[in-house]
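Student: Structure incoming, see below.
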Amino acid sequence: MNKKSIVALLTASLCALTLTVTGCGDSKDDNTSGGGNASAESPVTIKWGVWGSSQDIETFNKMADGVNEVVPEVKNIEVMHYASTDDFWSGLPSQVAAGTAPDMALPTNENAYEFINGGLFIPLDTDAIDVSKIDENAIRIWTVDDKLYGFPIDAQPTCFLINLDMWEAAGLTEADYPKTWDDVRAAAEKLTTDDVTGICINMESTFHITQVVQSFGGGWGEGKTIDSAENAEGLQWVIDMFKDGLAVSSKQIGDDWEGTSFAQNHVAMTMGGTWFRGQMQTAAPDTNYIALPIPQKDPANPASALHSDAIVIFKSCENVAAASKAAEYLAREDCQQIRAEGTGNIPSIPELYEKYYEDNPQFASLKGTESYSIPFGYPAKTSQFQTAFVNEATKVLYDSSNNGTAEEILAAVAETYGPVE
Amino acid sequence: MKKLNAFSKNKYSQWATAYLFLLPAFVLWLIWFCMPVLQSFGLSFFKYNYVMSNDNHFVGFENYVNIFKDKEFLNAFVHSITIVVFAVPIQTFLSLMMALLINMKFRGRGVFRTIFYSPYVISPIAVATVFMYLFTEDQPIVKFFTLFGLENTSWAVSVRYALPLVIMMYIWQQCGFYMIMFLSGLQTISPEIMEAAEIDGANKIQTFWHVTFPVLRPTTFLVITYGVITSFQVFDQISAIAGQGILGAPGNALSTLVTYFYLNAFKYGEIGYGSAAAVILFILIFLATLLQKKFLDKDV
């Protein structure tokens with residue numbers, strides 16, 4: 001190889017390296033909110049991180065359309081699609097480091113407290129945005145220390161789902177719809193057969209158990225009441241249902257989640273939310289089902305969680321004012337209507353409730369339940385608490401030789417995630 | 001003298017050419033491997049949480065001390081070692097047997113080669129999904145295992161059987177790859193040597209033990225080394241079993257060093273603590289490889 005060739009090769013290598021390194025860099029448009037060059041005169045692009053099905057994404061894109069006509073400081077809202085919630089939160093650290101994190105996201109309130117407490121979401125300026133039309137219960141669950149951290153775009157009471165075809169086949173009637181957990185057990189005894197289990201209680205997450213303990217008068221109390229007597233009573237009820245063969249987790253019967261178990265007639269009852277509408281439309285369009293309020297230990301003092309998606313703004317957002325306006329735009333009445341029709345979410349604007357329940361009669365029984373809905377109440381270290389709880393609970397539930405009690409499970413979890421000294 | 005100078009110049013030119021060709025790969029290796037490793041090593045001495053980022057600070061060896069105090073780390077360590085101890089010998093033995101079979105001349109061996117290799121090219125997620133279904137309560141395979149005293153239960157959610165299920169699906173998937181490695185080793189054995197062994201009166205077992213196996217030693221070393229490294233890193237199958245649920249559940253039965261690292265770094269946002277766990281995992285794999293080199297690589 002002569003000198004000329006060596007020089008040529010060296011030059012080519014350096015060019016390739018330069019391209020690679022610059023290619024890895026941030027190629028942000030100067031007009032994105034993260035670019036740092038946005039001025040009041042030049043409208044910015046707001047990046048909105050979301051996850052969901054293709055139908056969800058289509059709906060989000062429709063909601064984001066036309067923002068510039070209403071909010072001149074926002075050029076457009078760029079919908080950034082993530083495969084799942086986990087995918088989003090796991091990828092966020094590297095995106096923050098690379099300066100490519102979105103300005104806003106659409107998390108549910110279920111796991112939000114961890115990020116609010118950690119300062120990842122910033123409080124919204126309620127003087128600059130109008131939240132007066134939003135359901136006060138949704139506002140309440142997104143408010144921490146008198147500061148609003150999310151602009152709720154839906155307000156969905158959790159619900160108890162019944163397969164009506166199985167219900168009737170078991171000789172049960174509308175009068176038997178469960179109001180208490182004793183009613184649920186009695187119905188499960190009638191509904192359980194060789195091929196069907198009475199109720200699916202998903203113990204691979206804390207969503208279902210939270211409904212149970214809250215309706216027993218308990219709750220996690222941000223970690224302060226993990227091992228309360230009410231929680232123990234609720235959890236023990238679940239353990240007994242499993243040990244007696246009346247309850248099952250979707251994975252035990254080879255299903256990926258309770259929606260599949262319910263749609264495929266493997267179980268007759270379960271708990272969930274309006275996301276079952278889409279599941280049933282696609283997986284079991286001919287199945288008759290109904291969504292009822294979560295049964296209670298004491299129906300006179302009801303409680304269950306309110307599930308609400310809200311637009312939050314990250315602390316890394318460089319144009320908070322524009323992002324706030326974009327959030328307000330996405331939460332407007334038209335957008336919520338689009339979402340209610342597209343994905344079946346219950347709007348957070350009370351004036352839209354009537355039409356929603358007319359269009360979705362299977363959820364009509366939930367009307368009014370938002371009034372007694374409460375936050376999930378997980379401890380600040382939400383993910384760690386959930387992991388610890390699921391592992392402790394499944395040790396007992398999925399091992400026939402383990403006779404552990406609810407008190408023991410909760411005591412083990414409370415030891416680590418109980419009140420902070 | 002002139003001739004010697006020309007030789008040196010030529011040799012220098014060859015070296016320069018070789019290094020120039022290596023340069024792009026080397027630079028990319030520095031950027032994509034060395035820098036993250038060093039950064040991770042550096043972060044392991046910090047309390048660094050991307051969620052609670054107001055409280056990030058230098059903590060020295062505190063993360064390492066806390067990891068070794070954590071019962072969950074010990075549990076994850078035991079599970080990782082269990083996977084290595086069971087998976088490596090079994091997959092090495094099975095893949096060698098498969099390679100010996102495929103190396104024989106018989107009709108349809110191409111079909112067997114494809115059948116044996118195909119699990120390796122299937123997505124681990126898909127494999128896990130199918131295995132989870134096959135090992136659900138009342139399925140024929142589960143009922144078959146009840147003949148040996150095992151419970152009729154869904155293995156993926158069983159605190160006792162979830163880890164054996166992962167080991168089983170991992171071995172099933174990896175054997176095809178190691179079979180190909182053994183097969184390439186077998187094909188380097190000259191037919192003359194085999195014929196000579198036969199003429200000398202060696203039977204099949206003697207031929208394997210005294211001729212084939214010694215020749216395959218470098219391949220066996222490679223298979224075991226690579227097997228240990230990848231067995232320590234089993235993740236996809238466990239992740240598939242978890243689905244949208246909790247990684248490592250049920251009852252921490254599937255908690256391994258990799259899930260421990262992943263949960264801490266990415267799920268809990270404890271990047272510093274997770275980095276310390278990753279460094280420990282790196283050191284463990286490095287030590288395991290060194291030990292193997294010391295004890296297995298003697299005559300290779």
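Residues in the structure tokens are named by chain (A, B, ... in the order shown) and by number from 1 within that chain; ligands are numbered from 1 in the order shown.
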Write down, as an mmCIF file with N, CA, C and O atoms, in the first residue's frame, each residue of chain A that has any atom within 7 Å of an atom of chain B, counting only C-alpha atoms.

Tutor:
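Full text of part.cif as output:
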data_model
loop_
_atom_site.group_PDB
_atom_site.id
_atom_site.type_symbol
_atom_site.label_atom_id
_atom_site.label_comp_id
_atom_site.auth_asym_id
_atom_site.auth_seq_id
_atom_site.Cartn_x
_atom_site.Cartn_y
_atom_site.Cartn_z
ATOM 1 N N MET A 1 0.856 -1.199 0.000
ATOM 2 C CA MET A 1 0.000 0.000 0.000
ATOM 3 C C MET A 1 0.891 1.248 0.000
ATOM 4 O O MET A 1 1.777 1.376 0.851
ATOM 5 N N LEU A 10 -6.935 6.767 5.574
ATOM 6 C CA LEU A 10 -7.011 7.487 6.851
ATOM 7 C C LEU A 10 -8.101 8.554 6.805
ATOM 8 O O LEU A 10 -8.921 8.697 7.717
ATOM 9 N N SER A 13 -11.496 6.963 6.884
ATOM 10 C CA SER A 13 -11.833 6.491 8.233
ATOM 11 C C SER A 13 -12.273 7.646 9.115
ATOM 12 O O SER A 13 -13.261 7.547 9.853
ATOM 13 N N LEU A 17 -15.825 8.226 10.881
ATOM 14 C CA LEU A 17 -15.926 8.430 12.322
ATOM 15 C C LEU A 17 -16.683 9.714 12.658
ATOM 16 O O LEU A 17 -17.561 9.752 13.517
ATOM 17 N N SER A 90 -38.541 2.820 31.198
ATOM 18 C CA SER A 90 -37.186 2.251 31.185
ATOM 19 C C SER A 90 -36.269 3.043 30.263
ATOM 20 O O SER A 90 -35.078 3.163 30.516
ATOM 21 N N PRO A 93 -34.443 7.359 31.245
ATOM 22 C CA PRO A 93 -33.141 7.862 31.720
ATOM 23 C C PRO A 93 -32.178 8.176 30.583
ATOM 24 O O PRO A 93 -31.540 9.238 30.569
ATOM 25 N N PHE A 115 -43.163 9.537 40.681
ATOM 26 C CA PHE A 115 -42.476 10.527 39.846
ATOM 27 C C PHE A 115 -42.762 11.960 40.316
ATOM 28 O O PHE A 115 -41.928 12.838 40.164
ATOM 29 N N GLY A 118 -40.558 12.385 43.294
ATOM 30 C CA GLY A 118 -39.160 12.510 42.889
ATOM 31 C C GLY A 118 -38.855 13.786 42.133
ATOM 32 O O GLY A 118 -37.701 14.054 41.790
ATOM 33 N N GLY A 119 -39.871 14.562 41.835
ATOM 34 C CA GLY A 119 -39.655 15.835 41.149
ATOM 35 C C GLY A 119 -39.509 15.721 39.645
ATOM 36 O O GLY A 119 -39.058 16.667 38.988
ATOM 37 N N LEU A 120 -39.895 14.575 39.068
ATOM 38 C CA LEU A 120 -39.754 14.415 37.617
ATOM 39 C C LEU A 120 -40.838 15.192 36.863
ATOM 40 O O LEU A 120 -40.608 15.697 35.771
ATOM 41 N N GLU A 204 -50.354 -10.630 39.693
ATOM 42 C CA GLU A 204 -49.030 -10.274 39.173
ATOM 43 C C GLU A 204 -48.858 -8.760 39.128
ATOM 44 O O GLU A 204 -47.836 -8.256 38.686
ATOM 45 N N SER A 205 -49.894 -8.050 39.546
ATOM 46 C CA SER A 205 -49.779 -6.604 39.699
ATOM 47 C C SER A 205 -50.583 -6.228 40.944
ATOM 48 O O SER A 205 -51.244 -7.084 41.534
ATOM 49 N N LYS A 251 -52.458 -15.804 34.599
ATOM 50 C CA LYS A 251 -51.285 -16.613 34.205
ATOM 51 C C LYS A 251 -51.410 -18.072 34.625
ATOM 52 O O LYS A 251 -50.835 -18.948 34.000
ATOM 53 N N GLN A 252 -52.151 -18.299 35.679
ATOM 54 C CA GLN A 252 -52.322 -19.690 36.123
ATOM 55 C C GLN A 252 -53.051 -20.518 35.079
ATOM 56 O O GLN A 252 -52.888 -21.733 35.028
ATOM 57 N N ILE A 253 -53.874 -19.851 34.276
ATOM 58 C CA ILE A 253 -54.622 -20.592 33.258
ATOM 59 C C ILE A 253 -54.056 -20.327 31.860
ATOM 60 O O ILE A 253 -54.713 -20.563 30.853
ATOM 61 N N GLY A 254 -52.836 -19.817 31.803
ATOM 62 C CA GLY A 254 -52.134 -19.656 30.533
ATOM 63 C C GLY A 254 -52.511 -18.416 29.751
ATOM 64 O O GLY A 254 -52.189 -18.320 28.562
ATOM 65 N N SER A 383 -42.722 1.386 42.520
ATOM 66 C CA SER A 383 -42.296 0.176 41.792
ATOM 67 C C SER A 383 -41.720 -0.861 42.745
ATOM 68 O O SER A 383 -41.993 -2.055 42.614
ATOM 69 N N GLN A 384 -40.925 -0.391 43.690
ATOM 70 C CA GLN A 384 -40.306 -1.331 44.629
ATOM 71 C C GLN A 384 -41.359 -1.955 45.541
ATOM 72 O O GLN A 384 -41.307 -3.144 45.846
ATOM 73 N N THR A 387 -43.251 -4.585 43.467
ATOM 74 C CA THR A 387 -42.450 -5.799 43.297
ATOM 75 C C THR A 387 -42.453 -6.614 44.589
ATOM 76 O O THR A 387 -42.668 -7.835 44.568
ATOM 77 N N ASN A 391 -44.269 -10.331 45.000
ATOM 78 C CA ASN A 391 -43.431 -11.485 45.334
ATOM 79 C C ASN A 391 -43.863 -12.137 46.648
ATOM 80 O O ASN A 391 -43.930 -13.362 46.740
ATOM 81 N N GLU A 392 -44.159 -11.322 47.641
ATOM 82 C CA GLU A 392 -44.588 -11.891 48.928
ATOM 83 C C GLU A 392 -45.936 -12.598 48.784
ATOM 84 O O GLU A 392 -46.126 -13.689 49.320
ATOM 85 N N THR A 394 -47.406 -13.830 45.992
ATOM 86 C CA THR A 394 -47.397 -15.019 45.128
ATOM 87 C C THR A 394 -46.689 -16.200 45.788
ATOM 88 O O THR A 394 -46.965 -17.345 45.445
ATOM 89 N N LYS A 395 -45.794 -15.913 46.735
ATOM 90 C CA LYS A 395 -45.172 -17.020 47.482
ATOM 91 C C LYS A 395 -46.252 -17.838 48.187
ATOM 92 O O LYS A 395 -46.176 -19.059 48.251
ATOM 93 N N TYR A 398 -49.276 -19.047 45.143
ATOM 94 C CA TYR A 398 -48.904 -20.014 44.101
ATOM 95 C C TYR A 398 -48.111 -21.200 44.625
ATOM 96 O O TYR A 398 -47.528 -21.940 43.852
ATOM 97 N N ASP A 399 -48.088 -21.365 45.931
ATOM 98 C CA ASP A 399 -47.406 -22.525 46.486
ATOM 99 C C ASP A 399 -48.377 -23.200 47.448
ATOM 100 O O ASP A 399 -48.663 -22.691 48.531
#

Student: Show which residues sit within 12 Å of Gln39 (chain B), as a PyMOL selection string. Count only C-alpha atoms, and ignore same-chain residues fewer than 4 positions away.

Tutor: chain B and resi 30-35+43-46+271-272+275-276+278-279

Student: Next, the residues of the selection above should be written as a short mmCIF file (atom, residue, chain, number, x, y, z; two decimals), in the first residue's frame with all heavy atoms.

Tutor:
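Once everything was written out, this is out.cif:
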data_model
loop_
_atom_site.label_atom_id
_atom_site.label_comp_id
_atom_site.auth_asym_id
_atom_site.auth_seq_id
_atom_site.Cartn_x
_atom_site.Cartn_y
_atom_site.Cartn_z
N LEU B 30 -14.47 1.58 21.22
CA LEU B 30 -14.21 2.51 22.33
C LEU B 30 -15.47 3.28 22.71
O LEU B 30 -15.81 3.41 23.88
CB LEU B 30 -13.13 3.52 21.92
CG LEU B 30 -11.68 3.10 22.05
CD1 LEU B 30 -10.76 4.23 21.59
CD2 LEU B 30 -11.34 2.72 23.48
N ILE B 31 -16.19 3.74 21.65
CA ILE B 31 -17.37 4.57 21.90
C ILE B 31 -18.52 3.75 22.47
O ILE B 31 -19.16 4.16 23.44
CB ILE B 31 -17.82 5.28 20.60
CG1 ILE B 31 -16.76 6.29 20.15
CG2 ILE B 31 -19.17 5.99 20.80
CD1 ILE B 31 -17.01 6.85 18.76
N TRP B 32 -18.77 2.60 21.87
CA TRP B 32 -19.97 1.85 22.23
C TRP B 32 -19.76 0.83 23.34
O TRP B 32 -20.73 0.32 23.89
CB TRP B 32 -20.56 1.15 20.99
CG TRP B 32 -20.99 2.11 19.95
CD1 TRP B 32 -20.45 2.27 18.72
CD2 TRP B 32 -22.04 3.08 20.05
NE1 TRP B 32 -21.09 3.27 18.04
CE2 TRP B 32 -22.08 3.78 18.83
CE3 TRP B 32 -22.95 3.42 21.05
CZ2 TRP B 32 -22.98 4.81 18.59
CZ3 TRP B 32 -23.85 4.42 20.81
CH2 TRP B 32 -23.86 5.11 19.59
N PHE B 33 -18.52 0.45 23.61
CA PHE B 33 -18.30 -0.53 24.66
C PHE B 33 -17.53 0.07 25.84
O PHE B 33 -18.03 0.08 26.96
CB PHE B 33 -17.57 -1.76 24.10
CG PHE B 33 -17.31 -2.81 25.13
CD1 PHE B 33 -18.33 -3.66 25.55
CD2 PHE B 33 -16.07 -2.95 25.74
CE1 PHE B 33 -18.12 -4.61 26.54
CE2 PHE B 33 -15.85 -3.90 26.73
CZ PHE B 33 -16.88 -4.74 27.12
N CYS B 34 -16.33 0.57 25.53
CA CYS B 34 -15.47 1.02 26.64
C CYS B 34 -16.08 2.21 27.40
O CYS B 34 -16.09 2.21 28.63
CB CYS B 34 -14.10 1.40 26.12
SG CYS B 34 -13.12 -0.05 25.84
N MET B 35 -16.55 3.17 26.64
CA MET B 35 -17.07 4.37 27.32
C MET B 35 -18.27 4.05 28.23
O MET B 35 -18.29 4.46 29.39
CB MET B 35 -17.41 5.46 26.32
CG MET B 35 -16.18 6.30 25.97
SD MET B 35 -16.45 7.45 24.63
CE MET B 35 -17.78 8.44 25.23
N LEU B 43 -20.49 5.55 37.64
CA LEU B 43 -21.80 5.77 38.27
C LEU B 43 -22.02 4.87 39.48
O LEU B 43 -22.79 5.21 40.37
CB LEU B 43 -22.91 5.51 37.25
CG LEU B 43 -23.22 6.62 36.25
CD1 LEU B 43 -24.22 6.12 35.21
CD2 LEU B 43 -23.80 7.83 36.97
N SER B 44 -21.33 3.73 39.49
CA SER B 44 -21.54 2.78 40.59
C SER B 44 -21.08 3.36 41.93
O SER B 44 -21.39 2.81 42.98
CB SER B 44 -20.85 1.45 40.30
OG SER B 44 -19.46 1.59 40.40
N PHE B 45 -20.33 4.44 41.90
CA PHE B 45 -19.87 5.07 43.15
C PHE B 45 -20.74 6.28 43.52
O PHE B 45 -20.40 7.05 44.40
CB PHE B 45 -18.41 5.52 43.02
CG PHE B 45 -17.48 4.35 42.81
CD1 PHE B 45 -16.95 4.08 41.56
CD2 PHE B 45 -17.16 3.51 43.87
CE1 PHE B 45 -16.12 2.99 41.36
CE2 PHE B 45 -16.32 2.43 43.69
CZ PHE B 45 -15.81 2.16 42.43
N PHE B 46 -21.87 6.42 42.82
CA PHE B 46 -22.77 7.55 43.10
C PHE B 46 -24.15 7.05 43.53
O PHE B 46 -24.58 5.98 43.11
CB PHE B 46 -22.95 8.40 41.84
CG PHE B 46 -21.80 9.33 41.58
CD1 PHE B 46 -20.66 8.85 40.96
CD2 PHE B 46 -21.84 10.65 41.99
CE1 PHE B 46 -19.58 9.69 40.73
CE2 PHE B 46 -20.77 11.49 41.76
CZ PHE B 46 -19.63 11.01 41.13
N ILE B 271 -29.89 4.24 39.08
CA ILE B 271 -28.86 3.95 38.09
C ILE B 271 -27.51 3.64 38.78
O ILE B 271 -26.79 2.74 38.35
CB ILE B 271 -28.68 5.14 37.12
CG1 ILE B 271 -30.01 5.46 36.42
CG2 ILE B 271 -27.57 4.90 36.12
CD1 ILE B 271 -30.43 4.49 35.37
N GLY B 272 -27.18 4.37 39.84
CA GLY B 272 -25.92 4.14 40.54
C GLY B 272 -25.87 2.75 41.15
O GLY B 272 -24.91 2.00 40.95
N SER B 275 -25.79 0.16 38.47
CA SER B 275 -24.47 0.09 37.83
C SER B 275 -23.53 -0.74 38.70
O SER B 275 -22.73 -1.53 38.17
CB SER B 275 -23.88 1.49 37.66
OG SER B 275 -24.67 2.21 36.75
N ALA B 276 -23.64 -0.59 40.01
CA ALA B 276 -22.79 -1.39 40.91
C ALA B 276 -23.11 -2.87 40.73
O ALA B 276 -22.20 -3.71 40.69
CB ALA B 276 -23.01 -0.96 42.35
N ALA B 278 -24.26 -4.22 38.03
CA ALA B 278 -23.74 -4.61 36.71
C ALA B 278 -22.23 -4.86 36.78
O ALA B 278 -21.72 -5.80 36.16
CB ALA B 278 -24.05 -3.52 35.69
N VAL B 279 -21.53 -4.04 37.55
CA VAL B 279 -20.08 -4.22 37.70
C VAL B 279 -19.80 -5.56 38.38
O VAL B 279 -18.91 -6.32 37.97
CB VAL B 279 -19.46 -3.05 38.49
CG1 VAL B 279 -18.01 -3.34 38.87
CG2 VAL B 279 -19.53 -1.76 37.67
#

Student: Which one of B:Val59, B:Ala240, B:Ala76, B:Ile67 sits closest to Met169 (chain B) if you count only C-alpha atoms?

Tutor: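 Of the candidates, the smallest distance to Met169 (chain B) is held by B:Ala240.
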
Student: Using only C-alpha atoms, determine which residues lie at most 10 Å from Asp244 (chain A), disregarding the query and same-chain residues fewer than 5 positions distant; provide the list as a short mmCIF file (atom, residue, chain, number, x, y, z; two decimals) with N, CA, C and O atoms, in the first residue's frame.

Tutor:
data_model
loop_
_atom_site.label_atom_id
_atom_site.label_comp_id
_atom_site.auth_asym_id
_atom_site.auth_seq_id
_atom_site.Cartn_x
_atom_site.Cartn_y
_atom_site.Cartn_z
N GLU A 189 -69.00 -19.38 43.80
CA GLU A 189 -69.26 -20.80 44.10
C GLU A 189 -70.21 -21.39 43.06
O GLU A 189 -70.08 -22.54 42.67
N VAL A 238 -58.93 -12.67 49.59
CA VAL A 238 -58.38 -13.09 48.29
C VAL A 238 -57.66 -14.44 48.44
O VAL A 238 -57.86 -15.35 47.63
N ILE A 239 -56.84 -14.57 49.48
CA ILE A 239 -56.10 -15.83 49.68
C ILE A 239 -57.06 -17.00 49.80
O ILE A 239 -56.89 -18.05 49.17
#

Student: Considering only alpha helix (DSSP H) as DSSP defines it on the backbone, what residues of region 317-421 of chain A qualify? List them as a compact mmCIF listing (two decimals) with C-alpha atoms, in the first residue's frame.

Tutor:
# COMPACT_ATOMS: atom_id res chain seq x y z
CA VAL A 320 -43.23 24.94 29.98
CA ALA A 321 -45.67 27.70 29.02
CA ALA A 322 -46.18 26.30 25.53
CA ALA A 323 -46.37 22.73 26.86
CA SER A 324 -49.03 23.81 29.37
CA LYS A 325 -51.10 25.32 26.58
CA ALA A 326 -50.63 22.17 24.52
CA ALA A 327 -51.86 20.12 27.50
CA GLU A 328 -54.89 22.36 27.82
CA TYR A 329 -55.57 21.91 24.10
CA LEU A 330 -55.37 18.12 24.38
CA GLU A 333 -63.96 18.88 25.17
CA ASP A 334 -63.59 17.88 21.50
CA CYS A 335 -60.46 15.87 22.25
CA GLN A 336 -62.06 14.04 25.14
CA GLN A 337 -65.03 13.24 22.95
CA ILE A 338 -62.69 11.87 20.26
CA ARG A 339 -61.01 9.71 22.88
CA ALA A 340 -64.29 8.52 24.39
CA GLU A 341 -65.46 7.41 20.96
CA GLY A 342 -62.10 6.01 19.88
CA THR A 343 -60.88 4.10 22.89
CA TYR A 353 -70.80 11.91 31.17
CA GLU A 354 -74.43 11.72 30.03
CA LYS A 355 -73.52 11.08 26.41
CA TYR A 356 -70.77 8.66 27.39
CA TYR A 357 -73.09 6.44 29.41
CA GLU A 358 -75.73 6.61 26.68
CA ASP A 359 -73.19 5.41 24.15
CA THR A 382 -44.12 2.61 44.08
CA SER A 383 -42.30 0.18 41.79
CA GLN A 384 -40.31 -1.33 44.63
CA PHE A 385 -43.41 -1.66 46.77
CA GLN A 386 -45.31 -3.36 43.93
CA THR A 387 -42.45 -5.80 43.30
CA ALA A 388 -42.16 -6.64 46.99
CA PHE A 389 -45.91 -7.07 47.43
CA VAL A 390 -46.37 -9.29 44.37
CA ASN A 391 -43.43 -11.48 45.33
CA GLU A 392 -44.59 -11.89 48.93
CA ALA A 393 -48.20 -12.55 47.91
CA THR A 394 -47.40 -15.02 45.13
CA LYS A 395 -45.17 -17.02 47.48
CA VAL A 396 -48.34 -17.83 49.41
CA LEU A 397 -50.88 -17.93 46.59
CA ALA A 406 -52.32 -11.97 54.92
CA GLU A 407 -50.85 -10.44 58.09
CA GLU A 408 -47.49 -12.09 57.41
CA ILE A 409 -47.41 -10.91 53.81
CA LEU A 410 -48.29 -7.34 54.73
CA ALA A 411 -45.90 -7.26 57.67
CA ALA A 412 -43.03 -8.35 55.39
CA VAL A 413 -43.85 -5.61 52.87
CA ALA A 414 -44.46 -2.94 55.52
CA GLU A 415 -41.07 -3.69 57.06
CA THR A 416 -39.39 -2.15 54.02
CA TYR A 417 -42.01 0.16 52.54

Student: Excluding Gln296 (chain A) and residues on its chain fewer than 6 positions from it, collect all residues at most 9 Å away from it, counting only C-alpha atoms, and give them as a list in words.

Tutor: Pro178, Lys179, Thr180, Trp181, Val212, Gln214, Ser215, Phe216, Gly217, Pro302, Ala303 and Ser304 of chain A

Student: Could you write out that same residue set with N, CA, C and O atoms as a PDB file, in the first residue's frame?

Tutor:
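What ended up in out-v6.pdb:
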ATOM      1  N   PRO A 178     -73.426  -8.593  42.662  1.00  0.00           N
ATOM      2  CA  PRO A 178     -72.783  -8.470  43.977  1.00  0.00           C
ATOM      3  C   PRO A 178     -72.589  -7.031  44.442  1.00  0.00           C
ATOM      4  O   PRO A 178     -72.104  -6.192  43.686  1.00  0.00           O
ATOM      5  N   LYS A 179     -72.993  -6.823  45.681  1.00  0.00           N
ATOM      6  CA  LYS A 179     -72.755  -5.509  46.306  1.00  0.00           C
ATOM      7  C   LYS A 179     -71.659  -5.624  47.358  1.00  0.00           C
ATOM      8  O   LYS A 179     -71.017  -4.665  47.713  1.00  0.00           O
ATOM      9  N   THR A 180     -71.487  -6.834  47.867  1.00  0.00           N
ATOM     10  CA  THR A 180     -70.438  -7.062  48.871  1.00  0.00           C
ATOM     11  C   THR A 180     -69.532  -8.197  48.391  1.00  0.00           C
ATOM     12  O   THR A 180     -69.876  -8.927  47.447  1.00  0.00           O
ATOM     13  N   TRP A 181     -68.415  -8.379  49.102  1.00  0.00           N
ATOM     14  CA  TRP A 181     -67.485  -9.456  48.735  1.00  0.00           C
ATOM     15  C   TRP A 181     -68.049 -10.818  49.123  1.00  0.00           C
ATOM     16  O   TRP A 181     -67.678 -11.831  48.517  1.00  0.00           O
ATOM     17  N   VAL A 212     -59.572  -4.315  46.177  1.00  0.00           N
ATOM     18  CA  VAL A 212     -60.129  -5.120  47.267  1.00  0.00           C
ATOM     19  C   VAL A 212     -59.861  -4.453  48.616  1.00  0.00           C
ATOM     20  O   VAL A 212     -60.786  -4.256  49.408  1.00  0.00           O
ATOM     21  N   GLN A 214     -59.091  -1.404  49.366  1.00  0.00           N
ATOM     22  CA  GLN A 214     -59.782  -0.107  49.538  1.00  0.00           C
ATOM     23  C   GLN A 214     -61.255  -0.325  49.862  1.00  0.00           C
ATOM     24  O   GLN A 214     -61.832   0.378  50.691  1.00  0.00           O
ATOM     25  N   SER A 215     -61.853  -1.306  49.214  1.00  0.00           N
ATOM     26  CA  SER A 215     -63.277  -1.540  49.452  1.00  0.00           C
ATOM     27  C   SER A 215     -63.528  -2.254  50.784  1.00  0.00           C
ATOM     28  O   SER A 215     -64.673  -2.336  51.231  1.00  0.00           O
ATOM     29  N   PHE A 216     -62.467  -2.763  51.379  1.00  0.00           N
ATOM     30  CA  PHE A 216     -62.579  -3.312  52.738  1.00  0.00           C
ATOM     31  C   PHE A 216     -62.352  -2.216  53.780  1.00  0.00           C
ATOM     32  O   PHE A 216     -62.243  -2.489  54.969  1.00  0.00           O
ATOM     33  N   GLY A 217     -62.228  -0.985  53.298  1.00  0.00           N
ATOM     34  CA  GLY A 217     -62.026   0.140  54.211  1.00  0.00           C
ATOM     35  C   GLY A 217     -60.570   0.471  54.452  1.00  0.00           C
ATOM     36  O   GLY A 217     -60.239   1.329  55.267  1.00  0.00           O
ATOM     37  N   PRO A 302     -68.587   3.324  50.839  1.00  0.00           N
ATOM     38  CA  PRO A 302     -67.836   2.749  49.724  1.00  0.00           C
ATOM     39  C   PRO A 302     -66.523   3.487  49.421  1.00  0.00           C
ATOM     40  O   PRO A 302     -66.367   4.662  49.758  1.00  0.00           O
ATOM     41  N   ALA A 303     -65.624   2.752  48.803  1.00  0.00           N
ATOM     42  CA  ALA A 303     -64.366   3.352  48.317  1.00  0.00           C
ATOM     43  C   ALA A 303     -63.802   2.475  47.209  1.00  0.00           C
ATOM     44  O   ALA A 303     -63.856   1.247  47.293  1.00  0.00           O
ATOM     45  N   SER A 304     -63.303   3.099  46.170  1.00  0.00           N
ATOM     46  CA  SER A 304     -62.551   2.369  45.138  1.00  0.00           C
ATOM     47  C   SER A 304     -61.701   3.391  44.397  1.00  0.00           C
ATOM     48  O   SER A 304     -61.916   4.596  44.531  1.00  0.00           O
TER      49      SER A 304
END

Student: Can you tell me how far CA of Ser316 (chain A) sits from CA of Phe121 (chain A), in Å to one decimal?

Tutor: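 We find that CA of Ser316 (chain A) and CA of Phe121 (chain A) lie 8.8 Å from each other.
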
Student: What's the 9 Å shell around region 271-285 of chain A, counting only C-alpha atoms, without same-chain residues fewer than 2 positions away, as a PyMOL selection string?

Tutor: chain A and resi 156-162+199-202+207-208+211+258-260+262-264+269+287-289+291+294+307+343-346+360+362-363

Student: Give me the residues near Ala87 (chain B) as a PyMOL selection string, where near means some atom within 7 Å (using only C-alpha atoms) and where sequence neighbours in that chain fewer than 4 positions away do not count.

Tutor: chain B and resi 83+91+167+171

Student: To one decimal in Å, tell me the separation between CA of Trp167 (chain A) and CA of Asn152 (chain B).

Tutor: 28.6 Å

Student: Please provide the set of residues having any atom within 12 Å of Ile283 (chain B), restricted to only C-alpha atoms, with same-chain residues fewer than 5 positions apart removed, written as a count of residues only.

Tutor: 9

Student: Please give the complete set of residues from region 232-347 of chain A that DSSP, run on the backbone, assigns to strand (DSSP E or B), formatted as a ChimeraX atom specification.

Tutor: /A:247-248,267-272,289-293,296,304-307,309-314

Student: Taking only C-alpha atoms into account, which of A:Gly218, A:Pro72, A:Gly99, A:Gly368 comes nearest Asp298 (chain A)?

Tutor: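 Counting only C-alpha atoms, the residue closest to Asp298 (chain A) is A:Gly218.
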